[in-house]
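work_17.cif follows (mmCIF, C-alpha atoms and all ligand atoms):
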```cif
data_target
#
loop_
_atom_site.label_atom_id
_atom_site.label_comp_id
_atom_site.auth_asym_id
_atom_site.auth_seq_id
_atom_site.Cartn_x
_atom_site.Cartn_y
_atom_site.Cartn_z
CA MET A 1 7.80 9.76 2.90
CA ASN A 2 8.53 12.60 0.53
CA ASP A 3 5.25 13.04 -1.27
CA LEU A 4 5.75 16.79 -1.69
CA ALA A 5 9.43 16.67 -2.71
CA GLY A 6 10.22 19.43 -5.19
CA LYS A 7 6.94 21.26 -4.55
CA HIS A 8 7.04 24.91 -3.63
CA ILE A 9 3.98 25.87 -1.60
CA VAL A 10 2.90 29.34 -0.60
CA LEU A 11 1.13 28.98 2.75
CA GLY A 12 -1.15 31.96 3.37
CA LEU A 13 -2.43 32.76 6.87
CA THR A 14 -5.41 35.01 7.52
CA GLY A 15 -7.01 36.14 10.77
CA GLY A 16 -8.46 33.36 12.90
CA ILE A 17 -7.71 31.31 15.98
CA ALA A 18 -6.98 28.32 13.70
CA CYS A 19 -3.64 30.04 12.96
CA TYR A 20 -2.24 27.91 15.79
CA LYS A 21 -2.81 24.86 13.57
CA ALA A 22 -0.95 26.52 10.69
CA ALA A 23 2.30 26.09 12.62
CA GLU A 24 1.90 22.33 12.66
CA LEU A 25 0.72 22.30 9.06
CA CYS A 26 3.84 24.20 7.99
CA ARG A 27 6.00 21.68 9.78
CA ALA A 28 4.18 18.76 8.18
CA LEU A 29 4.58 20.25 4.69
CA VAL A 30 8.31 20.73 5.22
CA LYS A 31 8.66 17.20 6.62
CA GLU A 32 6.99 15.86 3.47
CA GLY A 33 9.66 17.53 1.34
CA ALA A 34 7.98 20.79 0.28
CA THR A 35 9.58 24.20 0.44
CA VAL A 36 7.13 26.52 2.15
CA GLN A 37 6.89 30.27 1.73
CA VAL A 38 4.64 31.78 4.38
CA VAL A 39 2.64 34.92 3.62
CA MET A 40 0.64 36.45 6.48
CA THR A 41 -2.08 39.09 6.63
CA GLU A 42 -1.98 41.73 9.33
CA ALA A 43 -4.96 40.09 11.08
CA SER A 44 -3.17 36.72 11.25
CA GLU A 45 -0.32 38.36 13.17
CA GLN A 46 -2.78 38.89 16.03
CA PHE A 47 -2.85 35.08 16.44
CA ILE A 48 0.65 33.85 15.63
CA THR A 49 3.95 35.60 14.99
CA PRO A 50 5.98 35.64 11.78
CA VAL A 51 8.93 34.54 13.95
CA THR A 52 7.24 31.20 14.65
CA MET A 53 6.37 30.69 10.99
CA GLN A 54 9.86 31.70 9.84
CA ALA A 55 11.45 29.24 12.24
CA LEU A 56 9.20 26.40 11.06
CA SER A 57 9.43 27.14 7.33
CA GLY A 58 13.11 28.11 7.38
CA ARG A 59 12.34 31.18 5.26
CA PRO A 60 11.61 34.83 6.01
CA VAL A 61 7.86 35.47 6.12
CA TYR A 62 6.22 38.04 3.84
CA THR A 63 3.62 40.32 5.38
CA SER A 64 3.57 43.39 3.15
CA GLN A 65 3.35 44.24 -0.53
CA TRP A 66 5.91 46.97 0.13
CA ASP A 67 8.61 44.46 1.09
CA ALA A 68 11.92 46.04 0.06
CA ARG A 69 13.72 42.67 0.16
CA GLU A 70 12.45 42.01 -3.36
CA PRO A 71 14.78 43.78 -5.83
CA ASN A 72 11.85 44.80 -8.04
CA ASN A 73 9.59 45.44 -5.00
CA MET A 74 6.96 43.11 -6.47
CA PRO A 75 6.58 40.22 -4.01
CA HIS A 76 3.04 39.55 -5.30
CA ILE A 77 4.45 38.69 -8.74
CA ASN A 78 7.63 36.93 -7.64
CA LEU A 79 6.05 34.73 -4.96
CA SER A 80 3.10 33.64 -7.08
CA ARG A 81 5.25 32.79 -10.13
CA GLN A 82 7.56 30.55 -8.10
CA SER A 83 4.86 28.41 -6.47
CA ASP A 84 3.24 25.09 -7.38
CA ALA A 85 0.19 25.95 -5.28
CA ILE A 86 -1.12 28.57 -2.88
CA LEU A 87 -2.77 27.10 0.21
CA ILE A 88 -4.66 29.51 2.44
CA ALA A 89 -5.02 27.93 5.88
CA PRO A 90 -6.79 29.31 7.78
CA CYS A 91 -8.94 31.26 5.35
CA SER A 92 -11.28 33.63 7.20
CA ALA A 93 -14.81 34.54 6.07
CA ASP A 94 -13.55 38.04 5.38
CA PHE A 95 -10.69 36.80 3.24
CA MET A 96 -13.04 34.58 1.21
CA ALA A 97 -15.23 37.63 0.57
CA LYS A 98 -12.15 39.58 -0.52
CA LEU A 99 -11.07 36.89 -2.97
CA VAL A 100 -14.56 36.72 -4.48
CA HIS A 101 -14.39 40.42 -5.25
CA GLY A 102 -10.84 40.39 -6.54
CA ARG A 103 -9.74 42.85 -3.86
CA ALA A 104 -6.01 43.43 -3.65
CA ASP A 105 -5.28 45.84 -0.81
CA GLU A 106 -2.64 43.70 0.96
CA LEU A 107 -0.03 41.18 -0.14
CA LEU A 108 -1.89 37.86 0.18
CA SER A 109 -5.03 38.85 -1.73
CA LEU A 110 -2.93 40.80 -4.22
CA MET A 111 -0.80 37.70 -4.82
CA CYS A 112 -3.90 35.47 -5.29
CA LEU A 113 -5.26 37.93 -7.86
CA ALA A 114 -1.90 38.20 -9.61
CA ARG A 115 -1.33 34.45 -9.87
CA PRO A 116 -1.58 32.76 -13.29
CA VAL A 117 -4.84 30.84 -12.62
CA ASP A 118 -4.11 27.96 -14.97
CA LYS A 119 -0.61 27.34 -13.57
CA VAL A 120 -0.86 28.08 -9.86
CA PRO A 121 -3.82 26.39 -8.16
CA LEU A 122 -5.44 28.04 -5.14
CA LEU A 123 -6.56 25.80 -2.27
CA ILE A 124 -8.65 27.14 0.56
CA ALA A 125 -9.09 25.78 4.09
CA PRO A 126 -11.87 27.90 5.62
CA ALA A 127 -11.99 28.44 9.38
CA MET A 128 -14.69 30.34 11.22
CA ASN A 129 -17.55 30.24 13.72
CA ARG A 130 -20.41 27.94 12.71
CA GLU A 131 -22.88 30.82 12.16
CA MET A 132 -20.39 32.63 9.96
CA TRP A 133 -19.83 29.42 7.98
CA ALA A 134 -23.55 28.70 7.59
CA HIS A 135 -24.36 32.30 6.57
CA PRO A 136 -25.70 32.51 3.00
CA ALA A 137 -23.03 35.12 2.19
CA THR A 138 -20.21 32.72 3.10
CA GLN A 139 -21.84 29.78 1.30
CA ARG A 140 -22.38 32.00 -1.76
CA ASN A 141 -18.75 33.13 -1.62
CA MET A 142 -17.52 29.56 -1.32
CA GLN A 143 -19.51 28.55 -4.40
CA GLN A 144 -18.20 31.56 -6.32
CA LEU A 145 -14.61 30.74 -5.39
CA ALA A 146 -15.10 27.17 -6.59
CA ASP A 147 -16.63 28.48 -9.84
CA ASP A 148 -13.58 30.73 -10.23
CA GLY A 149 -11.34 27.64 -10.08
CA ALA A 150 -10.29 27.48 -6.42
CA THR A 151 -10.33 24.16 -4.57
CA ILE A 152 -12.28 24.38 -1.32
CA LEU A 153 -10.93 21.77 1.08
CA GLY A 154 -13.99 21.83 3.33
CA VAL A 155 -14.29 22.32 7.06
CA GLY A 156 -14.28 20.14 10.14
CA SER A 157 -17.04 19.88 12.69
CA GLY A 158 -16.98 19.93 16.47
CA PHE A 159 -16.12 22.14 19.44
CA GLN A 160 -15.10 25.66 18.44
CA ALA A 161 -12.84 28.12 20.25
CA CYS A 162 -15.85 30.43 20.72
CA GLY A 163 -17.50 27.74 22.85
CA GLU A 164 -20.09 26.73 20.25
CA THR A 165 -20.24 23.37 18.48
CA GLY A 166 -20.78 22.88 14.75
CA ASP A 167 -19.26 23.16 11.27
CA GLY A 168 -16.56 25.65 10.45
CA ARG A 169 -13.41 24.44 12.24
CA MET A 170 -10.33 24.34 10.09
CA LEU A 171 -9.43 20.80 9.03
CA GLU A 172 -6.62 19.27 11.05
CA PRO A 173 -3.05 19.66 9.73
CA ASN A 174 -2.80 15.93 8.87
CA GLU A 175 -6.07 16.14 6.91
CA LEU A 176 -4.91 19.20 4.98
CA LEU A 177 -1.60 17.47 4.26
CA GLU A 178 -3.39 14.38 2.92
CA ASP A 179 -5.64 16.60 0.77
CA LEU A 180 -2.69 18.53 -0.65
CA ILE A 181 -0.76 15.35 -1.47
CA ALA A 182 -3.89 13.96 -3.15
CA PHE A 183 -4.31 17.19 -5.11
CA PHE A 184 -0.98 16.63 -6.89
CA GLN A 185 -1.63 12.98 -7.82
CA PRO A 186 -2.67 12.20 -11.43
CA LYS A 187 -6.45 11.78 -11.77
CA ALA A 188 -6.29 8.45 -13.62
CA LEU A 189 -9.58 7.16 -12.14
CA ALA A 190 -11.67 10.36 -12.33
CA GLY A 191 -15.36 9.54 -12.62
CA LYS A 192 -14.87 5.87 -11.69
CA LYS A 193 -16.35 4.06 -8.70
CA VAL A 194 -14.00 1.71 -6.84
CA VAL A 195 -14.89 -0.81 -4.14
CA VAL A 196 -12.14 -2.20 -1.90
CA THR A 197 -12.36 -4.91 0.76
CA ALA A 198 -9.75 -4.79 3.52
CA GLY A 199 -8.72 -6.30 6.83
CA PRO A 200 -9.68 -9.62 8.38
CA THR A 201 -13.16 -10.95 9.04
CA PHE A 202 -14.37 -12.03 12.47
CA GLU A 203 -16.46 -15.19 12.66
CA ALA A 204 -18.28 -15.31 15.99
CA LEU A 205 -18.55 -18.52 18.04
CA ASP A 206 -20.52 -16.93 20.84
CA PRO A 207 -21.00 -13.33 22.10
CA ILE A 208 -17.46 -13.34 23.53
CA ARG A 209 -15.24 -15.31 21.15
CA GLY A 210 -14.64 -15.89 17.50
CA ILE A 211 -12.02 -16.74 14.92
CA THR A 212 -10.12 -14.15 12.95
CA ASN A 213 -6.62 -13.56 11.55
CA HIS A 214 -3.75 -11.07 11.78
CA SER A 215 -4.51 -8.98 8.67
CA SER A 216 -3.73 -5.34 9.49
CA GLY A 217 -5.79 -3.89 6.62
CA LYS A 218 -2.90 -1.56 5.68
CA MET A 219 -2.69 -2.61 2.02
CA GLY A 220 -6.42 -2.27 1.41
CA PHE A 221 -6.58 1.10 3.16
CA ALA A 222 -3.62 2.30 1.07
CA ILE A 223 -5.41 1.20 -2.12
CA ALA A 224 -8.58 3.01 -1.06
CA ARG A 225 -6.52 6.15 -0.43
CA ALA A 226 -4.65 5.85 -3.73
CA ALA A 227 -7.88 5.33 -5.69
CA ARG A 228 -9.38 8.41 -4.03
CA GLU A 229 -6.24 10.41 -4.80
CA ALA A 230 -6.70 9.33 -8.42
CA GLY A 231 -10.15 10.94 -8.41
CA ALA A 232 -12.35 7.85 -7.90
CA ASP A 233 -15.45 7.61 -5.76
CA VAL A 234 -14.27 4.99 -3.25
CA VAL A 235 -16.12 2.63 -0.92
CA LEU A 236 -14.01 0.71 1.58
CA VAL A 237 -15.62 -2.39 3.07
CA ALA A 238 -13.50 -2.99 6.17
CA GLY A 239 -13.33 -5.86 8.60
CA PRO A 240 -12.38 -5.13 12.23
CA VAL A 241 -9.18 -3.02 12.06
CA HIS A 242 -7.95 0.06 13.92
CA LEU A 243 -6.94 2.27 11.02
CA PRO A 244 -8.14 5.79 10.23
CA THR A 245 -10.40 6.11 7.19
CA PRO A 246 -8.56 7.73 4.27
CA ARG A 247 -9.83 11.24 3.42
CA GLY A 248 -12.85 11.31 1.15
CA VAL A 249 -13.42 7.54 1.31
CA ARG A 250 -16.79 6.08 2.36
CA ARG A 251 -16.23 3.25 4.82
CA ILE A 252 -18.58 0.39 5.65
CA ASP A 253 -17.50 -1.58 8.73
CA VAL A 254 -18.37 -5.27 8.78
CA GLN A 255 -17.51 -8.27 10.94
CA SER A 256 -18.14 -11.60 9.21
CA ALA A 257 -17.45 -12.84 5.69
CA ARG A 258 -21.16 -12.98 5.00
CA ASP A 259 -21.59 -9.33 6.12
CA MET A 260 -18.65 -8.42 3.90
CA LEU A 261 -20.18 -10.22 0.92
CA ALA A 262 -23.55 -8.49 1.40
CA ALA A 263 -21.99 -5.02 1.67
CA THR A 264 -19.63 -5.63 -1.25
CA GLU A 265 -22.27 -7.06 -3.60
CA GLY A 266 -24.50 -4.04 -3.02
CA GLU A 267 -21.71 -1.57 -3.79
CA ALA A 268 -20.04 -3.55 -6.60
CA ALA A 269 -23.27 -3.57 -8.61
CA ARG A 270 -22.64 0.10 -9.48
CA ALA A 271 -18.82 0.04 -9.51
CA ASP A 272 -16.17 0.08 -12.25
CA VAL A 273 -13.39 -1.55 -10.21
CA PHE A 274 -13.37 -4.07 -7.35
CA VAL A 275 -10.14 -4.73 -5.43
CA ALA A 276 -10.31 -7.59 -2.92
CA THR A 277 -7.53 -7.29 -0.37
CA ALA A 278 -9.46 -8.63 2.63
CA ALA A 279 -8.10 -11.71 4.37
CA VAL A 280 -11.48 -13.40 4.56
CA ALA A 281 -11.74 -16.33 7.00
CA ASP A 282 -12.09 -19.46 4.89
CA TRP A 283 -14.38 -21.12 7.42
CA ARG A 284 -16.85 -20.02 10.07
CA PRO A 285 -18.24 -21.99 13.01
CA ALA A 286 -21.18 -24.11 11.85
CA THR A 287 -23.24 -22.93 14.81
CA HIS A 288 -23.35 -19.73 16.80
CA SER A 289 -24.23 -19.84 20.46
CA ASP A 290 -26.28 -16.90 21.78
CA GLN A 291 -24.67 -17.42 25.18
CA LYS A 292 -21.03 -17.79 26.17
CA ILE A 293 -19.88 -21.41 25.80
CA LYS A 294 -18.86 -22.29 29.38
CA LYS A 295 -16.40 -24.79 30.81
CA ASP A 296 -18.35 -27.47 32.67
CA GLY A 297 -15.47 -28.52 34.95
CA SER A 298 -15.13 -31.96 33.37
CA GLY A 299 -12.05 -30.97 31.35
CA ALA A 300 -13.86 -31.84 28.09
CA ALA A 301 -13.31 -29.30 25.28
CA PRO A 302 -16.23 -28.41 23.01
CA THR A 303 -16.20 -29.93 19.54
CA LEU A 304 -16.32 -27.21 16.93
CA ALA A 305 -17.62 -27.82 13.43
CA PHE A 306 -16.94 -25.41 10.57
CA VAL A 307 -18.55 -24.56 7.24
CA GLU A 308 -16.88 -22.83 4.32
CA ASN A 309 -17.42 -19.12 3.85
CA PRO A 310 -18.47 -17.63 0.50
CA ASP A 311 -15.62 -16.52 -1.73
CA ILE A 312 -16.42 -12.81 -2.07
CA LEU A 313 -14.07 -12.11 -4.97
CA ALA A 314 -15.12 -15.16 -7.01
CA THR A 315 -18.82 -14.45 -6.36
CA VAL A 316 -18.60 -10.77 -7.33
CA ALA A 317 -16.49 -11.56 -10.41
CA LYS A 318 -18.97 -14.24 -11.52
CA THR A 319 -21.95 -11.88 -11.17
CA ALA A 320 -20.04 -9.22 -13.14
CA ARG A 321 -19.26 -11.70 -15.95
CA ALA A 322 -22.91 -12.71 -16.10
CA LYS A 323 -23.86 -9.04 -16.45
CA SER A 324 -21.61 -8.25 -19.45
CA GLY A 325 -18.43 -7.85 -17.37
CA ALA A 326 -18.11 -4.07 -16.92
CA LEU A 327 -16.60 -4.52 -13.44
CA PHE A 328 -12.79 -4.87 -13.41
CA CYS A 329 -11.90 -7.27 -10.57
CA VAL A 330 -8.50 -7.44 -8.87
CA GLY A 331 -7.51 -10.09 -6.33
CA PHE A 332 -4.60 -10.59 -3.96
CA ALA A 333 -2.79 -13.80 -3.15
CA ALA A 334 -0.55 -14.16 -0.14
CA GLU A 335 1.63 -17.23 -0.54
CA SER A 336 4.55 -18.67 1.39
CA HIS A 337 6.33 -20.30 -1.60
CA ASP A 338 6.08 -20.88 -5.39
CA LEU A 339 4.44 -17.46 -5.75
CA VAL A 340 4.33 -17.34 -9.57
CA LYS A 341 2.78 -20.80 -9.88
CA HIS A 342 0.17 -20.29 -7.16
CA ALA A 343 -0.71 -16.73 -8.18
CA THR A 344 -1.14 -17.69 -11.83
CA ALA A 345 -3.40 -20.60 -10.92
CA LYS A 346 -5.40 -18.46 -8.49
CA ARG A 347 -6.11 -15.77 -11.09
CA GLU A 348 -7.63 -18.36 -13.38
CA ARG A 349 -9.55 -20.09 -10.63
CA LYS A 350 -11.11 -16.81 -9.47
CA GLY A 351 -11.93 -15.77 -13.05
CA ILE A 352 -10.38 -12.28 -12.78
CA PRO A 353 -8.23 -10.20 -15.16
CA LEU A 354 -5.57 -9.11 -12.62
CA LEU A 355 -4.12 -10.71 -9.51
CA VAL A 356 -1.47 -9.30 -7.18
CA GLY A 357 0.78 -11.89 -5.60
CA ASN A 358 2.93 -11.33 -2.55
CA ILE A 359 4.84 -13.39 -0.05
CA GLY A 360 2.61 -13.36 3.05
CA PRO A 361 5.18 -13.30 5.86
CA LEU A 362 7.06 -10.46 4.10
CA THR A 363 4.00 -8.19 3.98
CA PHE A 364 1.68 -8.97 6.94
CA GLY A 365 1.55 -5.94 9.24
CA GLN A 366 4.47 -4.26 7.41
CA ASP A 367 4.46 -0.76 5.98
CA ASP A 368 5.99 -1.93 2.72
CA ASN A 369 5.31 -4.65 0.22
CA GLN A 370 6.51 -6.22 -3.02
CA MET A 371 3.90 -6.97 -5.64
CA LEU A 372 3.86 -9.47 -8.46
CA LEU A 373 1.28 -8.55 -11.10
CA VAL A 374 -0.29 -11.50 -12.87
CA ASP A 375 -2.57 -11.00 -15.86
CA ALA A 376 -3.40 -12.76 -19.12
CA ASN A 377 -0.09 -11.58 -20.63
CA GLY A 378 2.07 -13.06 -17.88
CA VAL A 379 3.89 -11.97 -14.76
CA GLN A 380 5.52 -8.66 -13.83
CA GLU A 381 7.57 -8.21 -10.67
CA LEU A 382 7.51 -4.72 -9.16
CA PRO A 383 10.14 -3.29 -6.82
CA ARG A 384 9.65 -3.30 -3.06
CA ALA A 385 8.07 -0.02 -1.91
CA SER A 386 5.86 1.48 0.78
CA LYS A 387 2.30 0.16 0.74
CA LEU A 388 1.05 3.59 -0.37
CA ASP A 389 3.49 3.67 -3.30
CA CYS A 390 2.54 0.08 -4.19
CA ALA A 391 -1.12 1.13 -4.06
CA ARG A 392 -0.51 4.13 -6.34
CA ARG A 393 1.33 1.91 -8.80
CA LEU A 394 -1.51 -0.62 -8.74
CA VAL A 395 -4.07 2.12 -9.31
CA ALA A 396 -2.07 3.33 -12.33
CA GLU A 397 -1.90 -0.25 -13.68
CA ILE A 398 -5.67 -0.67 -13.23
CA ALA A 399 -6.35 2.69 -14.94
CA GLN A 400 -4.20 1.67 -17.93
CA ARG A 401 -6.10 -1.59 -18.28
CA LEU A 402 -9.47 0.20 -18.07
CA GLN A 403 -8.37 2.50 -20.88
CA ARG A 404 -7.32 -0.39 -23.09
CA ARG A 405 -10.73 -2.05 -22.86
O1 LIG A 501 -8.36 -18.14 -2.14
P1 LIG A 501 -7.56 -17.10 -1.45
O2 LIG A 501 -8.09 -16.77 -0.07
O3 LIG A 501 -6.09 -17.33 -1.40
O4 LIG A 501 -7.77 -15.82 -2.37
C1 LIG A 501 -7.31 -14.56 -2.03
C2 LIG A 501 -8.11 -13.49 -2.74
O5 LIG A 501 -9.50 -13.80 -2.73
C3 LIG A 501 -7.99 -12.16 -2.08
O6 LIG A 501 -8.16 -11.17 -3.07
C4 LIG A 501 -9.14 -12.17 -1.09
O7 LIG A 501 -9.55 -10.88 -0.70
C5 LIG A 501 -10.20 -12.89 -1.88
N1 LIG A 501 -11.12 -13.72 -1.07
C6 LIG A 501 -12.45 -13.37 -0.95
N2 LIG A 501 -13.29 -14.15 -0.23
C7 LIG A 501 -12.86 -15.29 0.37
C8 LIG A 501 -11.51 -15.66 0.28
C9 LIG A 501 -10.66 -14.84 -0.45
O8 LIG A 501 -12.83 -12.33 -1.50
N3 LIG A 501 -13.72 -16.03 1.07
#
```
Reformat the file's structure so that it appears as structure tokens.
Amino acid sequence: MNDLAGKHIVLGLTGGIACYKAAELCRALVKEGATVQVVMTEASEQFITPVTMQALSGRPVYTSQWDAREPNNMPHINLSRQSDAILIAPCSADFMAKLVHGRADELLSLMCLARPVDKVPLLIAPAMNREMWAHPATQRNMQQLADDGATILGVGSGFQACGETGDGRMLEPNELLEDLIAFFQPKALAGKKVVVTAGPTFEALDPIRGITNHSSGKMGFAIARAAREAGADVVLVAGPVHLPTPRGVRRIDVQSARDMLAATEGEAARADVFVATAAVADWRPATHSDQKIKKDGSGAAPTLAFVENPDILATVAKTARAKSGALFCVGFAAESHDLVKHATAKRERKGIPLLVGNIGPLTFGQDDNQMLLVDANGVQELPRASKLDCARRLVAEIAQRLQRR
């Protein structure tokens, strides 16, 4: 992936033990295609050396406003004008306080003050002891920085280097990377609420066994991430899958189709968009045994009876139509052949404005996909791409349709 291709990021390091994570962050940014210019405060050099950061970024590190390498001796101007964003990770409590006051007694704070605020966004990843983080002064400073236009990326929680446990850890490099990538995505769904179903369902036979399917959940998770990147408030109703929750997405874990319907109906009532990607089991066992169904030694197999599960998408779409139709519903169809014919028929049968068709065996468990968009105007085939790129494209298509309404 090259989600940061062409982006020039200034990575600022301030004093804190989380500097060790900045090395990995730098590497991740470079891997994602960004050019990274590291700027370090004197305090940060107590924790990690400029040599390490130079080797990882492939560029000399700046540590002083008196750096004679700049022909005009103005690194604070030159570095800030060239960048697409300044990311301070880790940002110490002291450095936050400095930024609030517009102090400029060393290169990094001077550069933040000198940046054109409307062109060069400032993102802050705080890192400090839990008491320092909870202190009213720090919380006040954080609010002031946000009011001044900075983006505060939040903190993690857990065991801290000082031996205490609580809020204030710097977010992990992969979380910061995901947040930075999201920051640059167009906010086409800002203010909208999106509900996504993903993964398989599990229909229990007894406490030990059940029926399910091979859905990986990757497409639905990618859509949840893309919708969040686009600024939406996202709820992901997930069947049993082992995937990490995308940043900023609220996840509700469910097992059966009926659990999934209940969770989805509750959330969809207040949503603008519903995307059903879940591979819901069509049938569930007619009865559920509270105890394990045992072999009796006779060689006779149990006879299993099934009943049909509710169609979550059709049910939610019908309720939305009955209530004036504000909810925009999107379905998926995985077919093995005659995709256009089956997908077109399925869109009408489900009573939804947009359906995404794909060839099942070419997408199950894969990291890429090819989508066929079917709406009232006809069929549009999109190029094969990663599931995340497909998801971003779908989100853009949904946003366009919401605007046209
Ligand atoms: O009818 P079929 O299962 O092929 O329809 C697929 C679409 O309907 C997908 O969007 C899927 O998430 C949704 N669906 C559902 N509830 C079901 C079956 C399918 O929401 N019980």
Determine, counting all atoms listed in the file, which protein, DNA and RNA residues have an atom within 9 Å of an atom of A:Ala343; residues of the same chain fewer than 3 positions away are not included. Present the result as a ChimeraX atom specification. /A:332-335,338-340,346-348,355-358,372-374
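Nearest residue to A:Phe184 among A:Ala18, A:Cys390, A:Leu4, A:Ala385 is A:Leu4, counting all atoms listed in the file.
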What's the 10 Å shell around A:Gly351, counting only C-alpha atoms, without same-chain residues fewer than 3 positions away, as a list of chain:residue names? A:Leu313, A:Ala314, A:Thr315, A:Ala317, A:Lys318, A:Arg321, A:Cys329, A:Val330, A:Gly331, A:Lys346, A:Arg347, A:Glu348, A:Leu354, A:Leu355
Compute the distance from (4.3, 35.4, 10.9) to each atom, counting all atoms listed in the file, keep the residues with any atom at most 9 Å away, and return them as a ChimeraX atom specification; use the coordinates of the file. /A:13,38-41,44-45,48-54,60-63
Counting all atoms listed in the file, what is within 7 Å of stretch 382-384 of chain A, bar same-chain residues fewer than 3 positions away, as a PyMOL selection string? chain A and resi 368-372
Need to verify the contact set: A:Ala137, 12 Å, all atoms listed in the file, exclusion of same-chain residues closer than 4 positions in sequence. Can you return it as JSON, numbers by chain? {"A": [93, 94, 96, 97, 100, 131, 132, 133, 141, 142, 143, 144]}
Each chain A residue no farther than 6 Å from ligand LIG 501 (chain A), nearest pair in Å, all atoms listed in the file, as JSON lines:
```
{"residue": "A:Ala276", "atom": "CA", "partner": "A:LIG501", "partner_atom": "O7", "distance": 4.0}
{"residue": "A:Thr277", "atom": "CA", "partner": "A:LIG501", "partner_atom": "O7", "distance": 4.1}
{"residue": "A:Ala278", "atom": "CA", "partner": "A:LIG501", "partner_atom": "O7", "distance": 4.0}
{"residue": "A:Ala279", "atom": "CA", "partner": "A:LIG501", "partner_atom": "O7", "distance": 5.3}
{"residue": "A:Val280", "atom": "CA", "partner": "A:LIG501", "partner_atom": "C7", "distance": 4.8}
{"residue": "A:Asp282", "atom": "CA", "partner": "A:LIG501", "partner_atom": "N3", "distance": 5.4}
{"residue": "A:Asn309", "atom": "CA", "partner": "A:LIG501", "partner_atom": "N3", "distance": 5.6}
{"residue": "A:Pro310", "atom": "CA", "partner": "A:LIG501", "partner_atom": "N3", "distance": 5.0}
{"residue": "A:Asp311", "atom": "CA", "partner": "A:LIG501", "partner_atom": "N3", "distance": 3.4}
{"residue": "A:Ile312", "atom": "CA", "partner": "A:LIG501", "partner_atom": "O8", "distance": 3.7}
{"residue": "A:Leu313", "atom": "CA", "partner": "A:LIG501", "partner_atom": "O8", "distance": 3.7}
{"residue": "A:Gly331", "atom": "CA", "partner": "A:LIG501", "partner_atom": "O6", "distance": 3.5}
{"residue": "A:Phe332", "atom": "CA", "partner": "A:LIG501", "partner_atom": "O6", "distance": 3.7}
{"residue": "A:Ala333", "atom": "CA", "partner": "A:LIG501", "partner_atom": "C1", "distance": 4.7}
```
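Take the candidates A:Glu106, A:Asp148, A:Asp233, A:Asp259 and check each one against A:Ala271 using only C-alpha atoms; the shortest distance goes to A:Asp233.
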At most 6 Å from (-10.6, 23.0, 7.4), file frame, only C-alpha atoms: which residues, as a list of chain:residue names?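 It turns out the residues near that spot are A:Ala125, A:Pro126, A:Ala127, A:Gly154, A:Val155, A:Gly156, A:Arg169, A:Met170, A:Leu171.
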Considering only C-alpha atoms, return as number ranges by chain whatever protein or nucleic-acid residues lie within 12 Å of A:Met111, sequence-local ones (same chain, fewer than 6 positions apart) excluded. A: 10-12, 39-41, 62-65, 74-83, 85-88, 99, 102-105, 117, 120, 122
Go ahead and save the residues from that selection, with C-alpha atoms, as a PDB file, in the coordinates of the input.
```pdb
ATOM      1  CA  VAL A  10       2.900  29.340  -0.600  1.00  0.00           C
ATOM      2  CA  LEU A  11       1.130  28.980   2.750  1.00  0.00           C
ATOM      3  CA  GLY A  12      -1.150  31.960   3.370  1.00  0.00           C
ATOM      4  CA  VAL A  39       2.640  34.920   3.620  1.00  0.00           C
ATOM      5  CA  MET A  40       0.640  36.450   6.480  1.00  0.00           C
ATOM      6  CA  THR A  41      -2.080  39.090   6.630  1.00  0.00           C
ATOM      7  CA  TYR A  62       6.220  38.040   3.840  1.00  0.00           C
ATOM      8  CA  THR A  63       3.620  40.320   5.380  1.00  0.00           C
ATOM      9  CA  SER A  64       3.570  43.390   3.150  1.00  0.00           C
ATOM     10  CA  GLN A  65       3.350  44.240  -0.530  1.00  0.00           C
ATOM     11  CA  MET A  74       6.960  43.110  -6.470  1.00  0.00           C
ATOM     12  CA  PRO A  75       6.580  40.220  -4.010  1.00  0.00           C
ATOM     13  CA  HIS A  76       3.040  39.550  -5.300  1.00  0.00           C
ATOM     14  CA  ILE A  77       4.450  38.690  -8.740  1.00  0.00           C
ATOM     15  CA  ASN A  78       7.630  36.930  -7.640  1.00  0.00           C
ATOM     16  CA  LEU A  79       6.050  34.730  -4.960  1.00  0.00           C
ATOM     17  CA  SER A  80       3.100  33.640  -7.080  1.00  0.00           C
ATOM     18  CA  ARG A  81       5.250  32.790 -10.130  1.00  0.00           C
ATOM     19  CA  GLN A  82       7.560  30.550  -8.100  1.00  0.00           C
ATOM     20  CA  SER A  83       4.860  28.410  -6.470  1.00  0.00           C
ATOM     21  CA  ALA A  85       0.190  25.950  -5.280  1.00  0.00           C
ATOM     22  CA  ILE A  86      -1.120  28.570  -2.880  1.00  0.00           C
ATOM     23  CA  LEU A  87      -2.770  27.100   0.210  1.00  0.00           C
ATOM     24  CA  ILE A  88      -4.660  29.510   2.440  1.00  0.00           C
ATOM     25  CA  LEU A  99     -11.070  36.890  -2.970  1.00  0.00           C
ATOM     26  CA  GLY A 102     -10.840  40.390  -6.540  1.00  0.00           C
ATOM     27  CA  ARG A 103      -9.740  42.850  -3.860  1.00  0.00           C
ATOM     28  CA  ALA A 104      -6.010  43.430  -3.650  1.00  0.00           C
ATOM     29  CA  ASP A 105      -5.280  45.840  -0.810  1.00  0.00           C
ATOM     30  CA  VAL A 117      -4.840  30.840 -12.620  1.00  0.00           C
ATOM     31  CA  VAL A 120      -0.860  28.080  -9.860  1.00  0.00           C
ATOM     32  CA  LEU A 122      -5.440  28.040  -5.140  1.00  0.00           C
TER      33      LEU A 122
END
```
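With all atoms listed in the file as the atoms that count, the minimum distance from A:Ile181 to the choices A:Val195, A:Val307, A:Ala28, A:Leu261 is reached by A:Ala28.
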